>>> print(open('data.json').read())   # JSON, C-alpha atoms
[["chain", "number", "residue", "atom", "x", "y", "z"],
["Q", 1, "MET", "CA", -70.73, 67.77, 23.19],
["Q", 2, "ALA", "CA", -67.59, 65.83, 22.25],
["Q", 3, "VAL", "CA", -65.70, 66.81, 19.18],
["Q", 4, "LEU", "CA", -64.82, 63.93, 16.89],
["Q", 5, "THR", "CA", -61.46, 64.12, 15.17],
["Q", 6, "ASP", "CA", -60.35, 62.01, 12.28],
["Q", 7, "ARG", "CA", -57.16, 60.18, 13.22],
["Q", 8, "PRO", "CA", -55.36, 57.93, 10.81],
["Q", 9, "ALA", "CA", -55.41, 54.27, 11.75],
["Q", 10, "ALA", "CA", -52.20, 52.84, 13.16],
["Q", 11, "PRO", "CA", -50.22, 51.14, 10.39],
["Q", 12, "ALA", "CA", -50.19, 47.37, 10.51],
["Q", 13, "PRO", "CA", -46.82, 45.80, 11.32],
["Q", 14, "PRO", "CA", -44.94, 44.99, 8.16],
["Q", 15, "ALA", "CA", -45.11, 41.36, 7.17],
["Q", 16, "ARG", "CA", -41.86, 39.47, 7.22],
["Q", 17, "PRO", "CA", -40.37, 39.49, 3.78],
["Q", 18, "ARG", "CA", -40.78, 36.23, 1.96],
["Q", 19, "ARG", "CA", -37.22, 36.43, 0.71],
["Q", 20, "ALA", "CA", -35.73, 36.49, 4.23],
["Q", 21, "HIS", "CA", -37.88, 33.51, 5.23],
["Q", 22, "ASP", "CA", -36.70, 31.52, 2.21],
["Q", 23, "ARG", "CA", -33.10, 32.45, 2.93],
["Q", 24, "GLY", "CA", -33.40, 31.20, 6.51],
["Q", 25, "ALA", "CA", -34.97, 27.94, 5.35],
["Q", 26, "ARG", "CA", -32.17, 27.38, 2.85],
["Q", 27, "THR", "CA", -29.56, 28.08, 5.53],
["Q", 28, "LEU", "CA", -31.15, 25.57, 7.89],
["Q", 29, "ALA", "CA", -31.44, 22.96, 5.14],
["Q", 30, "SER", "CA", -27.80, 23.40, 4.08],
["Q", 31, "ARG", "CA", -26.69, 23.13, 7.72],
["Q", 32, "LEU", "CA", -28.65, 19.91, 8.18],
["Q", 33, "VAL", "CA", -27.15, 18.48, 5.00],
["Q", 34, "GLY", "CA", -23.68, 19.44, 6.21],
["Q", 35, "TYR", "CA", -24.24, 17.73, 9.55],
["Q", 36, "ALA", "CA", -25.58, 14.64, 7.81],
["Q", 37, "ILE", "CA", -22.46, 14.45, 5.63],
["Q", 38, "LEU", "CA", -20.19, 14.86, 8.67],
["Q", 39, "VAL", "CA", -22.06, 12.14, 10.57],
["Q", 40, "PHE", "CA", -21.83, 9.81, 7.57],
["Q", 41, "PHE", "CA", -18.08, 10.20, 7.20],
["Q", 42, "ALA", "CA", -17.62, 9.93, 10.97],
["Q", 43, "LEU", "CA", -19.43, 6.60, 10.91],
["Q", 44, "VAL", "CA", -17.35, 5.45, 7.93],
["Q", 45, "PHE", "CA", -14.20, 6.41, 9.81],
["Q", 46, "LEU", "CA", -15.26, 4.75, 13.07],
["Q", 47, "TYR", "CA", -16.60, 1.55, 11.55],
["Q", 48, "PRO", "CA", -13.17, -0.17, 11.22],
["Q", 49, "PHE", "CA", -12.51, 0.51, 14.91],
["Q", 50, "VAL", "CA", -15.90, -0.95, 15.81],
["Q", 51, "ILE", "CA", -15.07, -4.02, 13.71],
["Q", 52, "GLN", "CA", -11.71, -4.27, 15.47],
["Q", 53, "ILE", "CA", -13.32, -4.22, 18.92],
["Q", 54, "GLY", "CA", -16.05, -6.65, 17.90],
["Q", 55, "ASN", "CA", -13.70, -9.21, 16.35],
["Q", 56, "SER", "CA", -11.31, -9.06, 19.30],
["Q", 57, "LEU", "CA", -14.21, -10.25, 21.52],
["Q", 58, "LYS", "CA", -15.28, -13.10, 19.24],
["Q", 59, "THR", "CA", -14.36, -16.74, 19.12],
["Q", 60, "GLU", "CA", -12.08, -17.90, 16.31],
["Q", 61, "PRO", "CA", -14.86, -19.62, 14.26],
["Q", 62, "ASP", "CA", -17.25, -16.67, 14.68],
["Q", 63, "ALA", "CA", -14.59, -14.14, 13.60],
["Q", 64, "ALA", "CA", -13.67, -16.23, 10.56],
["Q", 65, "ALA", "CA", -17.32, -16.72, 9.54],
["Q", 66, "ASN", "CA", -18.53, -13.14, 10.18],
["Q", 67, "PRO", "CA", -15.51, -10.81, 10.06],
["Q", 68, "LEU", "CA", -17.55, -7.70, 9.22],
["Q", 69, "SER", "CA", -20.12, -8.13, 11.95],
["Q", 70, "PRO", "CA", -19.47, -5.85, 14.94],
["Q", 71, "VAL", "CA", -21.51, -8.04, 17.32],
["Q", 72, "PRO", "CA", -19.67, -11.00, 18.89],
["Q", 73, "ASP", "CA", -21.76, -14.17, 19.13],
["Q", 74, "PRO", "CA", -20.83, -15.50, 21.62],
["Q", 75, "LEU", "CA", -18.76, -13.02, 23.62],
["Q", 76, "SER", "CA", -15.29, -14.40, 24.33],
["Q", 77, "LEU", "CA", -12.08, -13.15, 25.91],
["Q", 78, "ALA", "CA", -10.01, -16.06, 24.62],
["Q", 79, "GLY", "CA", -8.17, -13.81, 22.18],
["Q", 80, "PHE", "CA", -6.91, -11.52, 24.95],
["Q", 81, "GLU", "CA", -5.94, -14.53, 27.06],
["Q", 82, "ARG", "CA", -3.83, -15.86, 24.21],
["Q", 83, "ILE", "CA", -2.21, -12.46, 23.74],
["Q", 84, "PHE", "CA", -0.74, -12.47, 27.23],
["Q", 85, "ALA", "CA", -0.22, -16.21, 27.62],
["Q", 86, "GLY", "CA", 0.76, -17.34, 24.14],
["Q", 87, "THR", "CA", 2.77, -14.41, 22.75],
["Q", 88, "ALA", "CA", 5.57, -12.08, 23.81],
["Q", 89, "PHE", "CA", 3.16, -9.14, 23.99],
["Q", 90, "PRO", "CA", 4.21, -8.09, 27.54],
["Q", 91, "LEU", "CA", 7.85, -7.97, 26.39],
["Q", 92, "TRP", "CA", 6.94, -5.93, 23.29],
["Q", 93, "LEU", "CA", 4.86, -3.60, 25.44],
["Q", 94, "GLY", "CA", 7.74, -3.02, 27.86],
["Q", 95, "ASN", "CA", 10.19, -2.36, 25.02],
["Q", 96, "SER", "CA", 7.80, 0.09, 23.38],
["Q", 97, "LEU", "CA", 7.21, 1.96, 26.63],
["Q", 98, "LEU", "CA", 10.95, 2.26, 27.29],
["Q", 99, "VAL", "CA", 11.83, 3.37, 23.77],
["Q", 100, "THR", "CA", 8.87, 5.73, 23.46],
["Q", 101, "VAL", "CA", 9.49, 7.51, 26.77],
["Q", 102, "LEU", "CA", 13.20, 7.98, 26.06],
["Q", 103, "VAL", "CA", 12.60, 9.14, 22.49],
["Q", 104, "THR", "CA", 9.83, 11.54, 23.52],
["Q", 105, "LEU", "CA", 11.93, 13.13, 26.28],
["Q", 106, "GLY", "CA", 14.92, 13.37, 23.95],
["Q", 107, "ARG", "CA", 12.96, 14.96, 21.13],
["Q", 108, "VAL", "CA", 11.30, 17.51, 23.38],
["Q", 109, "PHE", "CA", 14.67, 18.51, 24.84],
["Q", 110, "PHE", "CA", 16.92, 18.43, 21.77],
["Q", 111, "ASP", "CA", 14.33, 19.81, 19.32],
["Q", 112, "SER", "CA", 13.69, 22.70, 21.72],
["Q", 113, "LEU", "CA", 17.40, 23.45, 22.01],
["Q", 114, "ALA", "CA", 17.92, 23.32, 18.26],
["Q", 115, "GLY", "CA", 14.81, 25.39, 17.58],
["Q", 116, "TYR", "CA", 15.86, 28.07, 20.05],
["Q", 117, "ALA", "CA", 19.39, 28.21, 18.61],
["Q", 118, "LEU", "CA", 18.05, 28.65, 15.08],
["Q", 119, "ALA", "CA", 15.53, 31.26, 16.19],
["Q", 120, "ARG", "CA", 17.70, 33.43, 18.44],
["Q", 121, "LEU", "CA", 21.43, 32.75, 18.06],
["Q", 122, "ARG", "CA", 23.34, 34.38, 15.23],
["Q", 123, "PHE", "CA", 26.11, 32.23, 13.75],
["Q", 124, "ARG", "CA", 27.62, 31.55, 10.37],
["Q", 125, "GLY", "CA", 25.67, 29.05, 8.27],
["Q", 126, "ARG", "CA", 22.47, 29.37, 10.29],
["Q", 127, "ALA", "CA", 20.27, 29.92, 7.22],
["Q", 128, "GLY", "CA", 21.88, 27.05, 5.35],
["Q", 129, "LEU", "CA", 21.47, 24.73, 8.33],
["Q", 130, "PHE", "CA", 17.79, 25.57, 8.62],
["Q", 131, "ALA", "CA", 17.33, 25.04, 4.88],
["Q", 132, "ALA", "CA", 18.95, 21.61, 5.22],
["Q", 133, "ILE", "CA", 16.58, 20.73, 8.07],
["Q", 134, "VAL", "CA", 13.58, 21.76, 6.00],
["Q", 135, "ALA", "CA", 14.94, 19.74, 3.07],
["Q", 136, "VAL", "CA", 15.06, 16.64, 5.28],
["Q", 137, "LEU", "CA", 11.29, 16.91, 5.67],
["Q", 138, "ALA", "CA", 10.91, 16.27, 1.95],
["Q", 139, "VAL", "CA", 13.00, 13.08, 2.00],
["Q", 140, "PRO", "CA", 10.92, 9.87, 2.23],
["Q", 141, "GLY", "CA", 11.82, 7.86, 5.31],
["Q", 142, "VAL", "CA", 12.23, 4.65, 3.33],
["Q", 143, "VAL", "CA", 15.19, 6.18, 1.48],
["Q", 144, "LEU", "CA", 17.13, 6.40, 4.75],
["Q", 145, "LEU", "CA", 16.61, 2.81, 5.88],
["Q", 146, "ILE", "CA", 19.76, 1.35, 4.34],
["Q", 147, "PRO", "CA", 21.99, 4.29, 5.46],
["Q", 148, "LYS", "CA", 20.56, 3.90, 8.98],
["Q", 149, "PHE", "CA", 21.44, 0.21, 9.00],
["Q", 150, "LEU", "CA", 24.98, 0.89, 7.79],
["Q", 151, "VAL", "CA", 25.57, 3.63, 10.36],
["Q", 152, "LEU", "CA", 24.18, 1.56, 13.23],
["Q", 153, "ASN", "CA", 26.26, -1.43, 12.19],
["Q", 154, "GLN", "CA", 29.47, 0.61, 11.94],
["Q", 155, "LEU", "CA", 28.90, 2.26, 15.32],
["Q", 156, "GLY", "CA", 28.20, -1.06, 17.02],
["Q", 157, "MET", "CA", 24.64, -0.12, 17.98],
["Q", 158, "TYR", "CA", 22.86, -2.66, 15.79],
["Q", 159, "ASP", "CA", 20.60, -5.05, 17.71],
["Q", 160, "SER", "CA", 20.59, -2.97, 20.90],
["Q", 161, "TYR", "CA", 18.36, -0.55, 22.77],
["Q", 162, "ALA", "CA", 20.75, 2.24, 21.81],
["Q", 163, "GLY", "CA", 20.09, 1.48, 18.15],
["Q", 164, "LEU", "CA", 16.35, 1.81, 18.78],
["Q", 165, "VAL", "CA", 16.60, 5.08, 20.71],
["Q", 166, "VAL", "CA", 19.59, 7.21, 19.66],
["Q", 167, "PRO", "CA", 18.73, 7.76, 15.95],
["Q", 168, "LEU", "CA", 15.24, 8.98, 16.93],
["Q", 169, "LEU", "CA", 16.25, 11.47, 19.64],
["Q", 170, "ALA", "CA", 15.79, 14.44, 17.29],
["Q", 171, "ASP", "CA", 13.74, 15.04, 14.17],
["Q", 172, "ALA", "CA", 13.47, 17.79, 11.61],
["Q", 173, "ALA", "CA", 9.73, 18.35, 12.07],
["Q", 174, "GLY", "CA", 10.15, 19.00, 15.79],
["Q", 175, "VAL", "CA", 12.99, 21.45, 15.22],
["Q", 176, "PHE", "CA", 10.89, 23.31, 12.67],
["Q", 177, "ILE", "CA", 7.88, 23.52, 15.01],
["Q", 178, "MET", "CA", 9.92, 24.83, 17.93],
["Q", 179, "LYS", "CA", 11.84, 27.35, 15.82],
["Q", 180, "GLN", "CA", 8.66, 28.84, 14.43],
["Q", 181, "PHE", "CA", 7.13, 29.13, 17.89],
["Q", 182, "PHE", "CA", 10.23, 30.69, 19.50],
["Q", 183, "GLU", "CA", 10.29, 33.33, 16.78],
["Q", 184, "SER", "CA", 6.78, 34.41, 17.83],
["Q", 185, "ILE", "CA", 7.94, 35.20, 21.38],
["Q", 186, "PRO", "CA", 8.97, 38.86, 21.87],
["Q", 187, "VAL", "CA", 12.71, 39.37, 22.18],
["Q", 188, "SER", "CA", 12.14, 41.93, 24.94],
["Q", 189, "VAL", "CA", 11.27, 39.11, 27.35],
["Q", 190, "GLU", "CA", 14.73, 37.61, 26.91],
["Q", 191, "GLU", "CA", 16.49, 40.97, 27.06],
["Q", 192, "ALA", "CA", 15.05, 41.60, 30.51],
["Q", 193, "ALA", "CA", 16.41, 38.25, 31.71],
["Q", 194, "ARG", "CA", 19.86, 38.90, 30.27],
["Q", 195, "ILE", "CA", 20.01, 42.31, 31.93],
["Q", 196, "ASP", "CA", 19.54, 40.46, 35.21],
["Q", 197, "GLY", "CA", 22.62, 38.36, 34.37],
["Q", 198, "ALA", "CA", 21.00, 35.18, 33.04],
["Q", 199, "SER", "CA", 23.03, 33.12, 30.58],
["Q", 200, "VAL", "CA", 21.71, 31.99, 27.20],
["Q", 201, "PHE", "CA", 20.78, 28.53, 28.49],
["Q", 202, "ARG", "CA", 19.28, 29.97, 31.67],
["Q", 203, "THR", "CA", 17.17, 32.34, 29.61],
["Q", 204, "PHE", "CA", 16.05, 29.47, 27.39],
["Q", 205, "TRP", "CA", 15.29, 27.09, 30.26],
["Q", 206, "SER", "CA", 13.68, 29.44, 32.78],
["Q", 207, "VAL", "CA", 12.08, 32.15, 30.65],
["Q", 208, "VAL", "CA", 11.39, 31.06, 27.08],
["Q", 209, "LEU", "CA", 10.66, 27.35, 27.49],
["Q", 210, "PRO", "CA", 7.77, 27.80, 29.96],
["Q", 211, "MET", "CA", 6.15, 30.17, 27.48],
["Q", 212, "ALA", "CA", 6.33, 27.49, 24.77],
["Q", 213, "ARG", "CA", 3.94, 25.09, 26.52],
["Q", 214, "PRO", "CA", 1.49, 24.80, 23.57],
["Q", 215, "ALA", "CA", 4.34, 23.92, 21.20],
["Q", 216, "LEU", "CA", 5.83, 21.52, 23.74],
["Q", 217, "ILE", "CA", 2.51, 19.72, 24.16],
["Q", 218, "THR", "CA", 2.13, 19.44, 20.39],
["Q", 219, "LEU", "CA", 5.67, 18.10, 20.09],
["Q", 220, "THR", "CA", 5.06, 15.63, 22.93],
["Q", 221, "ILE", "CA", 1.95, 14.24, 21.25],
["Q", 222, "LEU", "CA", 3.64, 13.94, 17.85],
["Q", 223, "SER", "CA", 6.82, 12.43, 19.31],
["Q", 224, "PHE", "CA", 4.98, 9.88, 21.44],
["Q", 225, "GLN", "CA", 2.70, 8.86, 18.60],
["Q", 226, "GLY", "CA", 5.51, 8.69, 16.06],
["Q", 227, "SER", "CA", 7.90, 6.67, 18.23],
["Q", 228, "TRP", "CA", 5.14, 4.37, 19.54],
["Q", 229, "ASN", "CA", 4.07, 3.49, 15.99],
["Q", 230, "GLU", "CA", 7.59, 3.43, 14.54],
["Q", 231, "PHE", "CA", 8.05, 0.28, 12.47],
["Q", 232, "PRO", "CA", 10.55, 0.87, 9.63],
["Q", 233, "HIS", "CA", 13.31, 1.97, 12.01],
["Q", 234, "SER", "CA", 12.91, -1.08, 14.25],
["Q", 235, "LEU", "CA", 13.00, -3.22, 11.13],
["Q", 236, "VAL", "CA", 16.58, -2.13, 10.35],
["Q", 237, "ALA", "CA", 17.77, -1.49, 13.93],
["Q", 238, "VAL", "CA", 17.14, -4.83, 15.64],
["Q", 239, "GLN", "CA", 16.79, -8.49, 14.76],
["Q", 240, "ASP", "CA", 16.71, -10.03, 18.23],
["Q", 241, "PRO", "CA", 13.09, -10.99, 19.18],
["Q", 242, "ASP", "CA", 13.81, -9.85, 22.75],
["Q", 243, "LEU", "CA", 14.21, -6.29, 21.43],
["Q", 244, "PHE", "CA", 11.03, -6.19, 19.36],
["Q", 245, "THR", "CA", 8.69, -3.26, 19.97],
["Q", 246, "LEU", "CA", 4.92, -3.49, 19.58],
["Q", 247, "PRO", "CA", 4.78, -2.59, 15.85],
["Q", 248, "ARG", "CA", 7.49, -5.13, 15.09],
["Q", 249, "GLY", "CA", 5.82, -7.78, 17.23],
["Q", 250, "LEU", "CA", 2.40, -7.15, 15.70],
["Q", 251, "ALA", "CA", 3.90, -7.44, 12.24],
["Q", 252, "ASP", "CA", 5.34, -10.79, 13.33],
["Q", 253, "LEU", "CA", 1.87, -11.91, 14.42],
["Q", 254, "VAL", "CA", 0.25, -10.79, 11.18],
["Q", 255, "SER", "CA", 2.87, -12.70, 9.18],
["Q", 256, "GLY", "CA", 1.58, -15.92, 10.75],
["Q", 257, "SER", "CA", 4.28, -16.69, 13.29],
["Q", 258, "LEU", "CA", 1.78, -18.55, 15.52],
["Q", 259, "GLY", "CA", 0.62, -20.99, 12.87],
["Q", 260, "LYS", "CA", -2.23, -21.31, 10.41],
["Q", 261, "GLY", "CA", -5.69, -19.77, 10.54],
["Q", 262, "THR", "CA", -6.98, -16.22, 10.47],
["Q", 263, "GLN", "CA", -6.59, -15.69, 14.24],
["Q", 264, "TYR", "CA", -8.59, -12.46, 13.99],
["Q", 265, "PRO", "CA", -9.38, -12.21, 17.73],
["Q", 266, "LEU", "CA", -5.69, -12.51, 18.63],
["Q", 267, "LYS", "CA", -4.39, -10.09, 16.00],
["Q", 268, "LEU", "CA", -7.10, -7.46, 16.36],
["Q", 269, "GLY", "CA", -7.04, -7.68, 20.15],
["Q", 270, "ALA", "CA", -3.30, -7.02, 20.16],
["Q", 271, "ALA", "CA", -3.77, -4.11, 17.76],
["Q", 272, "LEU", "CA", -6.53, -2.73, 19.98],
["Q", 273, "LEU", "CA", -4.32, -2.84, 23.07],
["Q", 274, "ALA", "CA", -1.53, -1.13, 21.14],
["Q", 275, "THR", "CA", -3.75, 1.84, 20.26],
["Q", 276, "ILE", "CA", -4.91, 2.56, 23.82],
["Q", 277, "PRO", "CA", -1.81, 4.45, 25.14],
["Q", 278, "VAL", "CA", -1.72, 6.85, 22.18],
["Q", 279, "ALA", "CA", -5.46, 7.49, 22.40],
["Q", 280, "VAL", "CA", -5.28, 8.20, 26.13],
["Q", 281, "LEU", "CA", -2.30, 10.54, 25.72],
["Q", 282, "PHE", "CA", -4.01, 12.46, 22.93],
["Q", 283, "VAL", "CA", -7.26, 12.88, 24.86],
["Q", 284, "VAL", "CA", -5.45, 14.07, 28.00],
["Q", 285, "PHE", "CA", -3.10, 16.51, 26.30],
["Q", 286, "GLN", "CA", -5.60, 17.79, 23.75],
["Q", 287, "ARG", "CA", -7.51, 19.64, 26.48],
["Q", 288, "HIS", "CA", -4.36, 21.46, 27.63],
["Q", 289, "PHE", "CA", -3.31, 22.18, 24.06],
["Q", 290, "VAL", "CA", -6.63, 23.75, 23.10],
["Q", 291, "ARG", "CA", -6.76, 25.79, 26.31],
["Q", 292, "ASP", "CA", -3.20, 27.10, 25.93],
["Q", 293, "ALA", "CA", -3.71, 27.87, 22.25],
["Q", 294, "ASN", "CA", -6.84, 29.90, 23.05],
["Q", 295, "ASP", "CA", -5.02, 31.76, 25.85],
["Q", 296, "GLY", "CA", -2.23, 32.63, 23.44],
["Q", 297, "ALA", "CA", -4.72, 33.88, 20.86],
["Q", 298, "ASP", "CA", -6.46, 36.08, 23.46],
["Q", 299, "LYS", "CA", -3.15, 37.56, 24.57],
["Q", 300, "GLY", "CA", -2.14, 38.22, 21.00]]
>>> encode(input="data.json", output="structure tokens")
Amino acid sequence: MAVLTDRPAAPAPPARPRRAHDRGARTLASRLVGYAILVFFALVFLYPFVIQIGNSLKTEPDAAANPLSPVPDPLSLAGFERIFAGTAFPLWLGNSLLVTVLVTLGRVFFDSLAGYALARLRFRGRAGLFAAIVAVLAVPGVVLLIPKFLVLNQLGMYDSYAGLVVPLLADAAGVFIMKQFFESIPVSVEEAARIDGASVFRTFWSVVLPMARPALITLTILSFQGSWNEFPHSLVAVQDPDLFTLPRGLADLVSGSLGKGTQYPLKLGAALLATIPVAVLFVVFQRHFVRDANDGADKG
């Protein structure tokens, strides 16, 4: 005969606390609200670019009648045809490419040299020189326009390619960026190179500079963007229409140099073409910059 034993029933699994469920719901709701706000401001930010593209593909009457509509009706490429056939856009484009490439190469080279000297070399007045460079960052660029004109005129570089390029070959922001990055590199790396007989420049060029790739990419992007969009300097450096860069030429178009009328397709189409090189450069180099920055963080 079997013996019956009283065993306590297995406890039921505890119910999920109501408080935790409410907390999760609030977290999800706040995240959705945050995403909605981000999407809204992204659309607000992108809408002018959509308007720019839409108006550049419109006819002149359609753009004048419906400037805020992003849909061209009918679709027309007449604005782009006028850009290349009726303006000096190809000349402005060539001048901008020449000036931007030279300025970008010069800034990357000279800013790196100056940053390395301030970070590693010990000489009298180094702290004061760096303080002066930082002080330049606080000076509005418009304050220097008249001194730039006077200097260029006295040196005989006014209305020339040299006047467009030489004053922009170095900038305080680039020197500051490179100095701060070079100071983060261990000195022991350079000491090993100098023990092997490398000179200061050889150590900088062959050892330190390759390690500064993230900073160099950042400086390249900033230099290219800044020199490509530079307008105030070209305003005081040149007066000859054959030396106009894209920003100067676009300003000439906006001022109505081609006659009366809004000419939205022409103006916005030219502005759209002018933004493409900077956008392409940023997209290409951003991938390398993010990857190198993450590699540096992992190593640190």
>>> atom_distance(input="data.json", atom1="atom CA of Q:Ser56", atom2="atom CA of Q:Gly269")
4.6 Å
>>> closest_residue(input="data.json", among="Q:Arg82, Q:Lys148, Q:Arg213, Q:Arg124", to="Q:Pro232", atoms="all atoms listed in the file")
Q:Lys148
>>> residues_around(input="data.json", residues="stretch 88-94 of chain Q", least_positions_apart="3", cutoff="12 Å", atoms="all atoms listed in the file", output="number ranges by chain")
Q: 80-85, 97-101, 228-229, 234, 240-253, 257-258, 266-267, 269-271, 273-277
>>> residues_around(input="data.json", residues="Q:Asp62", least_positions_apart="6", cutoff="12 Å", atoms="all atoms listed in the file", output="PyMOL selection string")
chain Q and resi 54-56+68-76+262-265
>>> closest_residue(input="data.json", among="Q:Ala172, Q:Ala193, Q:Val238, Q:Val284", to="Q:Phe149", atoms="all atoms listed in the file")
Q:Val238
>>> atom_distance(input="data.json", atom1="atom CA of Q:Gly174", atom2="atom CA of Q:Gly115")
8.1 Å
>>> residues_around(input="data.json", residues="stretch 119-122 of chain Q", least_positions_apart="2", cutoff="7 Å", atoms="all atoms listed in the file", output="list of chain:residue names")
Q:Gly115, Q:Tyr116, Q:Ala117, Q:Lys179, Q:Phe182, Q:Glu183
>>> atom_distance(input="data.json", atom1="atom CA of Q:Thr203", atom2="atom CA of Q:Val166")
27.1 Å
>>> residues_around(input="data.json", residues="Q:Trp205", least_positions_apart="6", cutoff="12 Å", atoms="all atoms listed in the file", output="list in words")
Phe109, Ser112, Leu113, Tyr116, Glu190, Ala193, Ala198, Ser199, Met211 and Ala212 of chain Q
>>> write_last_selection(input="data.json", atoms="C-alpha atoms", output="PDB file, in the frame of the given file")
ATOM      1  CA  PHE Q 109      14.670  18.510  24.840  1.00  0.00           C
ATOM      2  CA  SER Q 112      13.690  22.700  21.720  1.00  0.00           C
ATOM      3  CA  LEU Q 113      17.400  23.450  22.010  1.00  0.00           C
ATOM      4  CA  TYR Q 116      15.860  28.070  20.050  1.00  0.00           C
ATOM      5  CA  GLU Q 190      14.730  37.610  26.910  1.00  0.00           C
ATOM      6  CA  ALA Q 193      16.410  38.250  31.710  1.00  0.00           C
ATOM      7  CA  ALA Q 198      21.000  35.180  33.040  1.00  0.00           C
ATOM      8  CA  SER Q 199      23.030  33.120  30.580  1.00  0.00           C
ATOM      9  CA  MET Q 211       6.150  30.170  27.480  1.00  0.00           C
ATOM     10  CA  ALA Q 212       6.330  27.490  24.770  1.00  0.00           C
TER      11      ALA Q 212
END
>>> closest_residue(input="data.json", among="Q:Val200, Q:Leu152, Q:Ala215, Q:Leu144", to="Q:Ser184", atoms="all atoms listed in the file")
Q:Ala215
>>> residues_around(input="data.json", residues="Q:Pro167", least_positions_apart="4", cutoff="12 Å", atoms="only C-alpha atoms", output="ChimeraX atom specification")
/Q:99,102-103,106-107,144-145,147-149,151-152,155,157-158,160-163,171,227,233-234,236-237
>>> closest_residue(input="data.json", among="Q:Ala170, Q:Ala127, Q:Ile221, Q:Ala42", to="Q:Asp111", atoms="all atoms listed in the file")
Q:Ala170
>>> closest_residue(input="data.json", among="Q:Phe231, Q:Phe201, Q:Leu209, Q:Phe45", to="Q:Val108", atoms="only C-alpha atoms")
Q:Leu209
